[in-house]
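Novice: Sharing upload_5.cif below, mmCIF, C-alpha atoms:
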data_data
#
loop_
_atom_site.label_atom_id
_atom_site.label_comp_id
_atom_site.auth_asym_id
_atom_site.auth_seq_id
_atom_site.Cartn_x
_atom_site.Cartn_y
_atom_site.Cartn_z
CA MET D 1 66.34 135.77 82.69
CA ASP D 2 68.40 138.70 83.94
CA CYS D 3 72.03 139.79 84.29
CA GLU D 4 72.25 138.50 87.85
CA HIS D 5 71.25 134.94 86.96
CA LEU D 6 72.86 134.60 83.55
CA PRO D 7 76.41 133.67 84.73
CA LYS D 8 75.05 130.45 86.24
CA TYR D 9 73.71 129.40 82.86
CA VAL D 10 76.63 130.35 80.61
CA ASP D 11 78.15 126.84 80.55
CA PHE D 12 74.83 125.07 80.05
CA PHE D 13 73.89 127.55 77.34
CA LEU D 14 77.11 127.10 75.37
CA ASP D 15 77.16 123.34 75.95
CA GLY D 16 73.67 123.07 74.45
CA GLU D 17 72.35 121.49 77.64
CA LEU D 18 69.37 123.76 78.31
CA ALA D 19 65.74 122.99 77.50
CA ASP D 20 64.45 124.90 74.48
CA VAL D 21 62.42 127.27 76.61
CA GLU D 22 65.41 128.20 78.82
CA HIS D 23 67.66 128.56 75.83
CA ALA D 24 65.15 130.90 74.21
CA ALA D 25 64.86 132.95 77.42
CA ILE D 26 68.64 133.52 77.43
CA GLU D 27 68.69 134.39 73.76
CA ALA D 28 65.92 136.92 74.32
CA HIS D 29 67.91 138.50 77.15
CA LEU D 30 71.09 138.58 75.07
CA GLN D 31 69.34 140.51 72.34
CA GLN D 32 68.78 143.36 74.74
CA CYS D 33 71.89 143.18 76.91
CA GLU D 34 75.32 144.03 75.55
CA SER D 35 77.30 143.16 78.67
CA CYS D 36 75.82 139.66 78.87
CA ARG D 37 76.45 139.22 75.15
CA GLU D 38 80.09 140.07 75.85
CA VAL D 39 80.27 137.48 78.66
CA ILE D 40 78.91 134.79 76.34
CA SER D 41 81.13 135.90 73.50
CA ARG D 42 84.32 135.74 75.62
CA GLU D 43 83.49 132.27 76.86
CA SER D 44 82.57 131.07 73.43
CA ARG D 45 85.83 132.41 71.98
CA PHE D 46 87.76 130.55 74.66
CA ARG D 47 86.00 127.30 73.77
CA ALA D 48 86.56 127.87 70.06
CA ALA D 49 90.29 128.52 70.62
CA LEU D 50 90.57 125.36 72.71
CA ARG D 51 88.79 123.22 70.16
CA GLN D 52 90.55 124.63 67.12
CA SER D 53 93.97 124.35 68.72
CA LEU D 54 93.71 120.92 70.28
CA ARG D 55 91.69 119.08 67.64
CA THR D 56 94.63 119.38 65.26
CA VAL D 57 96.24 116.28 66.81
CA VAL D 58 95.59 113.23 64.61
CA ALA D 59 96.54 109.56 64.94
CA PRO D 60 99.77 108.47 63.20
CA GLY D 61 99.16 106.68 59.89
CA SER D 62 101.15 103.66 61.09
CA LEU D 63 98.75 103.22 64.02
CA ARG D 64 95.78 103.21 61.65
CA ASP D 65 97.45 100.56 59.46
CA GLN D 66 98.29 98.36 62.46
CA ILE D 67 94.74 98.52 63.79
CA GLU D 68 93.20 97.77 60.39
CA ALA D 69 95.47 94.77 59.95
CA LYS D 70 94.60 93.53 63.45
CA ILE D 71 90.87 93.85 62.79
CA ASP D 72 91.26 91.86 59.58
CA SER D 73 93.30 89.09 61.14
CA ALA D 74 91.09 88.97 64.24
CA GLY D 75 88.04 88.34 62.04
CA LYS D 76 89.80 85.42 60.39
CA SER D 77 91.44 83.87 63.44
CA ARG D 78 88.17 83.94 65.37
CA TYR D 79 86.63 81.85 62.62
CA LEU D 80 89.26 79.12 62.83
CA PRO D 81 90.76 79.43 66.30
CA THR D 82 91.83 75.79 66.69
CA LEU D 83 93.39 75.58 63.30
CA ALA D 84 95.04 78.93 63.86
CA TYR D 85 96.81 77.63 66.95
CA ALA D 86 97.73 74.38 65.23
CA ALA D 87 99.04 75.88 62.02
CA GLY D 88 100.64 78.94 63.52
CA ILE D 89 99.13 82.38 63.95
CA ALA D 90 101.42 84.00 61.40
CA LEU D 91 100.39 81.80 58.49
CA ILE D 92 96.68 82.22 59.16
CA ALA D 93 96.98 85.93 59.77
CA GLY D 94 98.73 86.29 56.43
CA LEU D 95 96.12 84.23 54.59
CA GLY D 96 93.31 85.98 56.39
CA TYR D 97 94.55 89.38 55.35
CA ALA D 98 94.73 88.42 51.67
CA VAL D 99 91.25 86.88 51.65
CA VAL D 100 89.56 89.63 53.63
CA ALA D 101 91.20 92.39 51.60
CA ASN D 102 89.71 90.82 48.51
CA ILE D 103 86.19 90.48 49.82
CA ILE D 104 85.69 93.75 51.65
CA ALA D 105 83.90 96.24 49.45
CA ASN D 106 84.78 99.92 49.32
CA PRO D 107 83.42 101.72 52.32
CA GLY D 108 80.26 103.66 51.52
CA PHE D 109 80.43 107.26 50.44
CA GLU D 110 78.32 108.41 53.36
CA GLU D 111 80.80 106.94 55.85
CA GLN D 112 83.59 108.84 54.15
CA ALA D 113 81.57 112.05 54.09
CA ILE D 114 80.88 111.65 57.82
CA ALA D 115 84.58 111.08 58.48
CA PHE D 116 85.39 114.30 56.57
CA HIS D 117 82.70 116.14 58.50
CA GLN D 118 84.41 115.14 61.73
CA GLN D 119 87.82 116.33 60.57
CA ASN D 120 86.93 119.96 60.94
CA GLU D 121 90.50 120.88 61.75
CA LYS D 122 91.72 119.89 58.30
CA THR D 123 89.89 122.76 56.61
CA GLU D 124 92.30 124.25 54.06
CA ILE D 125 90.54 127.50 53.35
CA VAL D 126 88.45 129.44 55.86
CA GLY D 127 86.55 132.31 54.32
CA ASN D 128 83.42 133.45 52.55
CA ARG D 129 82.06 132.15 49.27
CA SER D 130 84.30 134.16 46.95
CA GLU D 131 87.44 133.36 48.98
CA VAL D 132 86.58 129.65 48.96
CA ASP D 133 85.80 129.79 45.26
CA SER D 134 89.11 131.40 44.31
CA PHE D 135 91.00 128.87 46.45
CA LEU D 136 89.24 125.92 44.79
CA LYS D 137 89.42 127.29 41.24
CA ILE D 138 93.18 126.82 41.24
CA ARG D 139 93.32 123.56 43.17
CA ALA D 140 90.23 121.40 42.62
CA PRO D 141 91.07 118.69 40.04
CA PHE D 142 87.46 118.48 38.74
CA SER D 143 84.63 120.86 37.85
CA TYR D 144 83.03 121.33 41.23
CA GLN D 145 79.98 123.51 41.79
CA VAL D 146 79.40 125.36 45.05
CA PRO D 147 76.58 123.09 46.25
CA LEU D 148 74.37 125.55 48.17
CA GLU D 149 73.79 129.24 47.65
CA ASP D 150 74.29 131.50 50.66
CA THR D 151 71.01 132.62 52.20
CA GLY D 152 70.14 134.54 55.34
CA ASP D 153 70.47 131.28 57.31
CA ILE D 154 73.12 129.40 55.39
CA LYS D 155 76.65 130.59 54.77
CA LEU D 156 79.67 128.95 53.16
CA VAL D 157 82.58 129.25 55.63
CA GLY D 158 85.33 126.98 54.34
CA ALA D 159 86.44 124.02 52.26
CA ARG D 160 89.12 121.44 51.63
CA LEU D 161 90.07 118.82 49.07
CA ALA D 162 89.56 115.12 49.73
CA THR D 163 89.15 111.76 47.99
CA VAL D 164 85.99 109.64 47.89
CA GLY D 165 86.22 106.10 46.53
CA GLY D 166 89.52 107.01 44.84
CA ASN D 167 87.98 110.04 43.09
CA PRO D 168 88.68 113.68 43.93
CA ALA D 169 86.15 115.43 46.14
CA VAL D 170 85.63 118.80 47.77
CA VAL D 171 84.35 119.14 51.32
CA PHE D 172 82.41 122.39 51.73
CA LEU D 173 81.79 123.67 55.25
CA TYR D 174 78.65 125.63 56.00
CA ASP D 175 77.26 127.53 58.93
CA GLY D 176 73.50 127.12 59.29
CA GLY D 177 72.24 129.41 62.04
CA GLY D 178 75.24 128.69 64.28
CA ARG D 179 75.38 124.96 63.47
CA ARG D 180 78.10 123.53 61.31
CA PHE D 181 77.32 121.14 58.52
CA SER D 182 79.36 119.94 55.58
CA VAL D 183 78.68 119.02 51.97
CA THR D 184 81.09 116.57 50.35
CA GLN D 185 80.91 116.77 46.56
CA TYR D 186 82.32 114.11 44.25
CA LYS D 187 81.88 112.36 40.90
CA PRO D 188 79.14 109.74 41.09
CA PRO D 189 80.00 106.03 41.12
CA SER D 190 79.25 104.20 37.85
CA ASP D 191 76.06 102.64 39.21
CA TRP D 192 74.67 105.93 40.53
CA GLN D 193 70.91 106.33 40.06
CA PRO D 194 69.64 109.90 40.35
CA GLY D 195 66.48 110.17 42.44
CA PRO D 196 65.17 111.85 45.57
CA ALA D 197 67.79 112.52 48.27
CA ARG D 198 68.85 109.43 50.23
CA ILE D 199 68.51 110.41 53.89
CA GLY D 200 69.75 108.45 56.87
CA ARG D 201 71.51 108.45 60.22
CA GLN D 202 74.87 106.99 61.18
CA GLU D 203 77.32 107.49 64.06
CA GLY D 204 75.09 110.16 65.52
CA TYR D 205 75.05 112.21 62.32
CA THR D 206 72.31 112.78 59.78
CA TYR D 207 73.17 112.66 56.09
CA ALA D 208 71.47 113.30 52.76
CA THR D 209 72.97 112.19 49.44
CA TYR D 210 71.69 113.60 46.18
CA GLY D 211 72.93 114.55 42.72
CA ASP D 212 72.72 114.01 38.99
CA GLY D 213 74.96 112.06 36.63
CA ALA D 214 77.74 114.67 36.87
CA LEU D 215 78.11 115.52 40.57
CA VAL D 216 76.87 113.92 43.75
CA GLN D 217 76.93 115.49 47.19
CA THR D 218 76.51 114.15 50.69
CA LEU D 219 75.31 116.63 53.25
CA VAL D 220 76.29 115.75 56.84
CA GLY D 221 75.23 117.44 60.07
CA ASP D 222 74.22 116.69 63.63
CA MET D 223 70.75 118.15 63.23
CA PRO D 224 67.49 116.17 63.11
CA GLU D 225 66.43 114.68 59.77
CA ALA D 226 63.61 117.17 59.26
CA GLU D 227 65.98 120.10 59.64
CA LEU D 228 68.60 118.62 57.34
CA THR D 229 65.99 117.79 54.72
CA LYS D 230 65.06 121.46 54.54
CA ILE D 231 68.60 122.32 53.42
CA VAL D 232 68.50 119.85 50.51
CA PRO D 233 67.69 121.78 47.29
CA ALA D 234 64.01 121.48 46.35
CA ALA D 235 64.76 119.53 43.15
CA TRP D 236 66.09 116.62 45.23
CA GLN D 237 63.38 116.55 47.85
CA LYS D 238 60.62 113.98 47.58
CA MET Z 1 79.81 79.70 54.96
CA ALA Z 2 77.22 81.60 56.96
CA ILE Z 3 79.56 82.02 59.92
CA TRP Z 4 82.41 83.22 57.75
CA LYS Z 5 80.13 85.77 56.14
CA SER Z 6 78.85 87.10 59.44
CA ARG Z 7 82.39 87.39 60.85
CA LYS Z 8 83.51 89.20 57.77
CA SER Z 9 80.56 91.58 57.70
CA ASN Z 10 80.99 92.15 61.44
CA SER Z 11 84.58 93.35 61.10
CA GLU Z 12 83.62 95.27 58.00
CA ARG Z 13 80.84 97.03 59.87
CA PHE Z 14 83.18 97.62 62.81
CA LYS Z 15 85.69 99.31 60.53
CA ARG Z 16 82.99 101.52 59.08
CA GLU Z 17 81.62 102.55 62.46
CA ALA Z 18 84.73 102.69 64.63
CA LEU Z 19 87.70 103.64 62.45
CA PRO Z 20 86.44 107.14 61.54
CA HIS Z 21 86.84 107.97 65.26
CA LEU Z 22 90.51 106.97 65.38
CA ASP Z 23 91.82 110.55 65.56
CA ALA Z 24 89.48 111.39 68.42
CA VAL Z 25 90.29 108.14 70.25
CA TYR Z 26 94.00 108.81 69.84
CA ARG Z 27 93.62 112.36 71.18
CA PHE Z 28 91.74 111.02 74.18
CA ALA Z 29 94.47 108.42 74.77
CA LEU Z 30 97.08 111.21 74.70
CA THR Z 31 94.98 113.23 77.13
CA MET Z 32 94.97 110.27 79.52
CA THR Z 33 98.58 109.13 79.15
CA HIS Z 34 100.59 112.22 78.04
CA ASP Z 35 102.81 109.77 76.14
CA GLY Z 36 102.74 108.89 72.44
CA ALA Z 37 103.91 105.26 72.81
CA LEU Z 38 101.52 104.54 75.69
CA ALA Z 39 98.72 106.20 73.72
CA ASP Z 40 99.44 103.93 70.71
CA ASP Z 41 99.18 100.81 72.87
CA LEU Z 42 96.08 102.06 74.63
CA VAL Z 43 94.34 102.82 71.32
CA GLN Z 44 95.20 99.39 69.90
CA GLU Z 45 93.92 97.62 72.99
CA THR Z 46 90.77 99.74 72.93
CA TYR Z 47 89.98 98.84 69.33
CA MET Z 48 90.60 95.12 69.91
CA LYS Z 49 88.31 95.14 72.97
CA ALA Z 50 85.71 97.13 71.07
CA LEU Z 51 85.81 94.64 68.19
CA ALA Z 52 85.34 91.74 70.58
CA ALA Z 53 82.40 93.52 72.22
CA PHE Z 54 80.93 94.95 69.04
CA ASP Z 55 77.79 92.81 69.35
CA SER Z 56 76.92 94.80 72.47
CA PHE Z 57 77.23 98.13 70.68
CA GLN Z 58 73.80 99.55 69.92
CA GLU Z 59 73.56 100.89 66.42
CA GLY Z 60 72.35 104.47 66.33
CA THR Z 61 74.07 105.36 69.64
CA ASN Z 62 77.27 107.40 69.76
CA CYS Z 63 80.09 105.08 68.71
CA LYS Z 64 82.76 107.63 69.65
CA ALA Z 65 81.45 107.83 73.24
CA TRP Z 66 81.34 104.03 73.38
CA LEU Z 67 85.00 103.80 72.31
CA PHE Z 68 85.96 106.47 74.86
CA ARG Z 69 84.27 104.45 77.61
CA ILE Z 70 86.22 101.32 76.67
CA LEU Z 71 89.45 103.33 76.50
CA ARG Z 72 88.96 104.94 79.89
CA ASN Z 73 88.09 101.61 81.54
CA THR Z 74 91.16 100.02 79.96
CA PHE Z 75 93.38 102.85 81.13
CA VAL Z 76 92.01 102.89 84.68
CA ASN Z 77 92.46 99.11 84.94
CA GLN Z 78 96.01 99.27 83.61
CA VAL Z 79 96.99 101.92 86.12
CA ARG Z 80 95.23 100.08 88.91
CA ASP Z 81 97.10 96.91 87.99
CA ARG Z 82 100.36 98.78 88.29
CA ARG Z 83 99.22 100.03 91.68
CA LYS Z 84 99.65 103.61 90.75
CA GLU Z 85 97.47 106.49 91.69
CA VAL Z 86 94.29 106.37 89.61
CA VAL Z 87 91.97 109.19 90.42
CA VAL Z 88 93.26 112.51 91.64
CA GLU Z 89 90.44 114.54 93.09
CA GLU Z 90 92.48 117.19 94.90
CA ILE Z 91 92.65 120.62 93.37
CA PRO Z 92 96.20 121.95 93.00
CA GLU Z 93 97.30 124.42 95.63
CA GLY Z 94 95.91 127.89 95.20
CA LEU Z 95 93.27 127.01 92.65
CA GLY Z 96 90.57 125.64 94.91
CA ALA Z 97 89.34 129.07 95.95
CA LEU Z 98 88.12 129.70 92.42
CA TRP Z 99 85.24 127.33 92.95
CA ALA Z 100 83.52 129.81 95.20
CA ASP Z 101 83.74 132.61 92.67
CA SER Z 102 80.83 132.35 90.28
CA SER Z 103 81.51 135.51 88.32
CA SER Z 104 83.45 135.29 85.07
CA PHE Z 105 86.83 136.80 84.36
CA SER Z 106 87.13 140.50 83.67
CA ASP Z 107 87.65 141.78 80.17
CA PRO Z 108 91.42 142.46 80.48
CA GLU Z 109 91.90 139.04 82.09
CA SER Z 110 89.98 137.39 79.30
CA ALA Z 111 92.12 139.17 76.74
CA VAL Z 112 95.22 137.62 78.32
CA ILE Z 113 93.58 134.18 78.38
CA LEU Z 114 92.43 134.44 74.78
CA ALA Z 115 95.92 135.40 73.66
CA SER Z 116 97.25 131.96 74.68
CA THR Z 117 99.15 129.91 72.14
CA ARG Z 118 98.26 126.37 71.16
CA GLN Z 119 101.09 125.04 73.33
CA GLN Z 120 99.91 127.05 76.33
CA LEU Z 121 96.38 125.69 75.89
CA GLN Z 122 97.78 122.16 75.71
CA ASN Z 123 99.89 122.74 78.83
CA ALA Z 124 96.91 124.17 80.69
CA LEU Z 125 94.82 121.11 79.85
CA ASN Z 126 97.64 118.73 80.76
CA ALA Z 127 98.08 120.46 84.11
CA LEU Z 128 94.56 119.53 85.22
CA PRO Z 129 93.98 116.50 87.47
CA ILE Z 130 92.98 113.55 85.30
CA ASP Z 131 89.22 113.55 85.93
CA PHE Z 132 89.02 117.26 85.19
CA ARG Z 133 91.00 117.09 81.97
CA THR Z 134 88.95 114.08 80.90
CA ALA Z 135 85.71 116.01 81.34
CA VAL Z 136 87.02 119.18 79.68
CA SER Z 137 88.55 117.36 76.74
CA LEU Z 138 85.43 115.23 76.14
CA SER Z 139 83.20 118.28 76.23
CA ASP Z 140 85.22 121.12 74.74
CA ILE Z 141 87.37 119.23 72.26
CA GLU Z 142 85.30 116.17 71.35
CA GLY Z 143 81.84 117.69 71.75
CA LEU Z 144 80.20 115.00 73.90
CA THR Z 145 77.02 115.80 75.85
CA TYR Z 146 76.97 115.78 79.67
CA GLN Z 147 75.12 112.45 79.64
CA GLU Z 148 77.67 110.88 77.28
CA ILE Z 149 80.55 112.11 79.46
CA ALA Z 150 78.79 110.75 82.54
CA ASP Z 151 78.56 107.36 80.80
CA VAL Z 152 82.22 107.41 79.75
CA MET Z 153 83.39 108.34 83.26
CA ALA Z 154 80.79 106.26 85.12
CA THR Z 155 79.83 109.22 87.30
CA PRO Z 156 76.58 111.08 87.95
CA ILE Z 157 75.83 113.96 85.60
CA GLY Z 158 76.18 116.47 88.44
CA THR Z 159 79.78 115.38 88.95
CA VAL Z 160 80.43 115.94 85.26
CA MET Z 161 79.04 119.47 85.50
CA SER Z 162 81.18 120.39 88.48
CA ARG Z 163 84.31 118.88 86.91
CA LEU Z 164 83.69 120.87 83.75
CA TYR Z 165 83.10 124.06 85.67
CA ARG Z 166 86.16 123.66 87.84
CA GLY Z 167 88.34 122.30 85.07
CA ARG Z 168 87.60 125.23 82.77
CA ARG Z 169 88.23 127.73 85.56
CA MET Z 170 91.52 126.09 86.50
CA MET Z 171 92.63 126.19 82.88
CA LYS Z 172 91.83 129.88 82.62
CA GLU Z 173 93.59 130.63 85.87
CA TYR Z 174 96.65 128.75 84.61
CA LEU Z 175 96.59 130.62 81.28
CA LEU Z 176 96.12 133.93 83.06
CA ARG Z 177 99.23 133.33 85.17
CA GLN Z 178 101.23 132.15 82.15
CA GLY Z 179 100.11 135.14 80.12
CA GLN Z 180 100.90 137.60 82.86
CA GLN Z 181 104.35 136.06 83.35
CA SER Z 182 105.07 136.22 79.63
CA ASN Z 183 103.80 139.78 79.44
CA SER Z 184 105.93 140.85 82.36
CA GLN Z 185 108.96 139.35 80.61
CA GLY Z 186 108.11 141.42 77.56
CA LYS Z 187 107.45 138.47 75.29
CA VAL Z 188 105.11 138.86 72.36
CA LEU Z 189 102.24 136.40 72.45
CA SER Z 190 100.66 135.09 69.32
CA LEU Z 191 96.95 135.70 69.21
CA VAL Z 192 94.52 132.86 69.16
CA GLY Z 193 91.39 134.94 68.76
CA SER Z 194 91.15 137.78 66.30
CA LYS Z 195 89.34 140.22 68.55
CA THR Z 196 91.16 139.81 71.82
CA GLY Z 197 91.73 143.33 72.93
CA ARG Z 198 88.43 145.04 72.54
CA GLY Z 199 86.70 146.80 75.40
CA GLY Z 200 83.35 145.72 76.79
#
Output the file's structure in the form of structure tokens.

Specialist:
Amino acid sequence: MDCEHLPKYVDFFLDGELADVEHAAIEAHLQQCESCREVISRESRFRAALRQSLRTVVAPGSLRDQIEAKIDSAGKSRYLPTLAYAAGIALIAGLGYAVVANIIANPGFEEQAIAFHQQNEKTEIVGNRSEVDSFLKIRAPFSYQVPLEDTGDIKLVGARLATVGGNPAVVFLYDGGGRRFSVTQYKPPSDWQPGPARIGRQEGYTYATYGDGALVQTLVGDMPEAELTKIVPAAWQK
Amino acid sequence: MAIWKSRKSNSERFKREALPHLDAVYRFALTMTHDGALADDLVQETYMKALAAFDSFQEGTNCKAWLFRILRNTFVNQVRDRRKEVVVEEIPEGLGALWADSSSFSDPESAVILASTRQQLQNALNALPIDFRTAVSLSDIEGLTYQEIADVMATPIGTVMSRLYRGRRMMKEYLLRQGQQSNSQGKVLSLVGSKTGRGG
């Protein structure tokens, strides 16, 4: 890789679309070349500005409620379509909502942690460990513990407050060698059984849930399982 | 009650998989329609279609990309039904020449671009022809891969790459002109990046 060819690869490089070997060749060149580093840095700042600015738009709460209600009533009216038409959609939809609301269990903690992970733009404090800590000390309504210590590869970069299963939670944001991952920390549910980290994949994300009787955390990232497992503290690895 | 249970668990699973993407789906609907009320309707229709087709969704694949594909198809069909213009491929006047220029912007130009406000960035994205703003928003805002964008837009991956390249350049050109106009009028721009003015 050289300065003449690099501009053609800037987009692919930043979009993560290069093969490992090509990506490594560009990184090697960037280590030696300040002007190419500057080209990459400008482009990457533009992308970051675009993402940070335009991801702040969120769906209105009323839209979410309408869609949830429609999903519930659709489930019911599909079960009894003939009766629904005969008896009137409104009656059945009303009944269906009451019954379904009763039966549906709380969504899993991992799903919530993944949802928080995706809401990057809602970060309330952006800063290093001590800045995050002083923000949370005043505001967190439970005794949180910063879940991972900063290392050469892992750095705390932000946090926000949230709720998991009706209990307060803190979402910690980390940078791991240029990749973002999050750790949502919360009080364990009553039936929580401490054991090795529970690792899985959902919605294109990898997660690991671990913790003792006092605090549980769910780590979420878009890295492969093996890489995510390495971040889990040794005590919770198999 | 086996059927009842499977219906219930189906909509339960759908909620778990699809609802966390609501913000992203809504943003994409706004990108397509530029109108809050139309976006609301489009999102509702998308979720109802997705629920009906949920059996065809493959677990472990990207649910967000799947919802985007349904949304875009719904939107394109709606517009087609109303016999309006669907796909605008032409590049706005004066911007087409940029395609030939493969070098990046100079440092001072980049400083102007990076000083854009949130509203200016939004305007620049909105000013792109629909297929270009779709590609840029799916990549730069929602983080989809080229292959996922190609699937959403039903186009070859090469087309996605050229739309991204041209879309990003058009946005920067737009922001550069806006920034230069504002500067020449003596307005103070708020800074998006923290290190916008440094020399290379």

Novice: Could the residues of chain Z within 6 Å of chain D, counting only C-alpha atoms, be given as JSON, numbers by chain, please?

Specialist: {"Z": [7, 20, 23, 26, 62, 63, 118, 141]}

Novice: Thr151 in chain D: which residues within 12 Å, counting all atoms listed in the file, same-chain residues fewer than 3 positions away excluded, as a list in words?

Specialist: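 Residues near the query, excluding close chain neighbours: Arg129, Leu148, Ile154, Lys155, Leu156, Tyr174, Asp175, Gly176, Gly177 and Ile231 of chain D.
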
Novice: Record the distance separating CA of Ala226 in chain D and CA of Phe68 in chain Z, expressed in Å with one decimal.

Specialist: 29.3 Å

Novice: Which value, in Å to one decimal, gives the distance between CA of Trp66 in chain Z and CA of Ala52 in chain Z?

Specialist: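 Pair CA of Trp66 in chain Z / CA of Ala52 in chain Z returns 13.2 Å.
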
Novice: What's the separation between CA of Thr46 in chain Z and CA of Ile130 in chain Z, in Å to one decimal place?

Specialist: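 Taking CA of Thr46 in chain Z and CA of Ile130 in chain Z, their separation equals 18.7 Å.
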
Novice: Env of Ser143 in chain D: 12 Å cut, atoms = all atoms listed in the file, seq-sep filter 4 positions within chain, self excluded. Answer as a ChimeraX atom specification.

Specialist: /D:133,136-139,147,168-170,185-187,214-216

Novice: Once you have the residues from the selection above, write them out as a compact mmCIF listing (two decimals), in the coordinates of the input, restricted to C-alpha atoms.

Specialist:
# COMPACT_ATOMS: atom_id res chain seq x y z
CA ASP D 133 85.80 129.79 45.26
CA LEU D 136 89.24 125.92 44.79
CA LYS D 137 89.42 127.29 41.24
CA ILE D 138 93.18 126.82 41.24
CA ARG D 139 93.32 123.56 43.17
CA PRO D 147 76.58 123.09 46.25
CA PRO D 168 88.68 113.68 43.93
CA ALA D 169 86.15 115.43 46.14
CA VAL D 170 85.63 118.80 47.77
CA GLN D 185 80.91 116.77 46.56
CA TYR D 186 82.32 114.11 44.25
CA LYS D 187 81.88 112.36 40.90
CA ALA D 214 77.74 114.67 36.87
CA LEU D 215 78.11 115.52 40.57
CA VAL D 216 76.87 113.92 43.75

Novice: Ranking D:Ala25, D:Val171, D:Ala197, D:Ala140 by minimum distance to Val126 in chain D and counting all atoms listed in the file, which one comes first?

Specialist: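 Using all atoms listed in the file, Val126 in chain D sits closest to D:Val171.
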
Novice: Using the chain letters and numbers from this file, what does the PyMOL selection byres ((chain Z and resi 126) around 12) select? Give the answer as a PyMOL selection string.

Specialist: (chain D and resi 54) or (chain Z and resi 28+30-35+119-125+127-134+136-137+167+170-171+174-175)
